[in-house]
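*Asks:* Once you've had a glance at the structure underneath, I'll fire off some questions.
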Amino acid sequence: MTDLSADPLRPHEQAVPLPAAFDAQLWFIGRIRTPWTQRGQCPRRGDPVEGPECRIELFEPWTPGLTGIQRHDHVQVLYWMDRARRDLVLQNPNYGDRATGTFALRSPVRPNPVASSVVRLLAVEGPVLIVRGLDCLDGTPLVDIKAEFGNTR
């Protein structure tokens, strides 16, 4: 993990010391492939209609978990924003004259940088999902995929 806590704070932002140990563990079950390599390139929210095609590549041994997913028009994707700093409790995303609490924002900067997007499922190619609607950097670790019920083919 890259330590981004040394990055300069914007006016009105507040950082806190991070805990010494973690409370839980998880496995990355795949990688997400998008056209964006820098945070400033990412859209603020993915577009499941007009956004670019992206790939979700599932690792073994998790690929059998995709069985039946092709019946869904949309899936929820949970991913780990591994390049985001984790120590801010107040943020100033627009360099304004005040700060906003981290939990009142959709910013990737958060104590546990878990993100969620509901994406349109275009195709399933073996262990790869082709989707539209993501808003993360290329190579982002995949945490989970959940079917969106009510959106079946």
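Labels used: A, B, ... for chains in the order of the structure tokens, numbers from 1 for residues in each chain, and numbers from 1 for ligands as shown.
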List the neighbours of Gly150 in chain A out to 12 Å using only C-alpha atoms; skip same-chain residues closer than 3 positions along the sequence, and give me the result as a list in words.

*Replies:*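 That gives Arg71, His72, Asp73, His74, Val75, Ala147 and Arg153 of chain A.
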
*Asks:* If you count only C-alpha atoms, which residues fall within 9 Å of range 120-122 of chain A, apart from same-chain ones fewer than 2 positions away, as a PyMOL selection string?

*Replies:* chain A and resi 47-49+53+69-70+72-76+118+124+129-133

*Asks:* Near range 20-36 of chain A, counting only C-alpha atoms, which residues have an atom at most 12 Å away, once you skip same-chain residues fewer than 2 positions from it, shown as a ChimeraX atom specification?

*Replies:* /A:17-18,38-43,46,51-66,77-82,111-112,114,127-145

*Asks:* Of the candidates A:Gly68, A:Thr152, A:His12, A:Asp7, which one gets nearest to Pro93 in chain A if we count only C-alpha atoms?

*Replies:*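 For Pro93 in chain A, the nearest of the given residues is A:His12.
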
*Asks:* Considering only C-alpha atoms, can you say which of A:Lys146, A:Thr102, A:Gly126, A:Val119 comes closest to Asp87 in chain A?

*Replies:*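 Answer, going by the shortest atom-to-atom distance: A:Thr102.
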
*Asks:* DSSP on the backbone: what in chain A comes out helix (DSSP H, G or I), as an MDAnalysis selection string?

*Replies:* chainID A and resid 39:41 63:66 69:71 102:104

*Asks:* Could you find all residues in chain A that DSSP calls strand (DSSP E or B) from the backbone, and write them as a PyMOL selection string?

*Replies:* chain A and resi 14-15+30-33+53-58+72+74-80+88-91+100-101+114-125+128-132+140-147+152

*Asks:* For Thr100 in chain A, which residue among A:Gln14, A:Glu125, A:Thr67, A:Arg86 is the nearest when counting only C-alpha atoms?

*Replies:*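 For Thr100 in chain A, the nearest of the candidates is A:Gln14.
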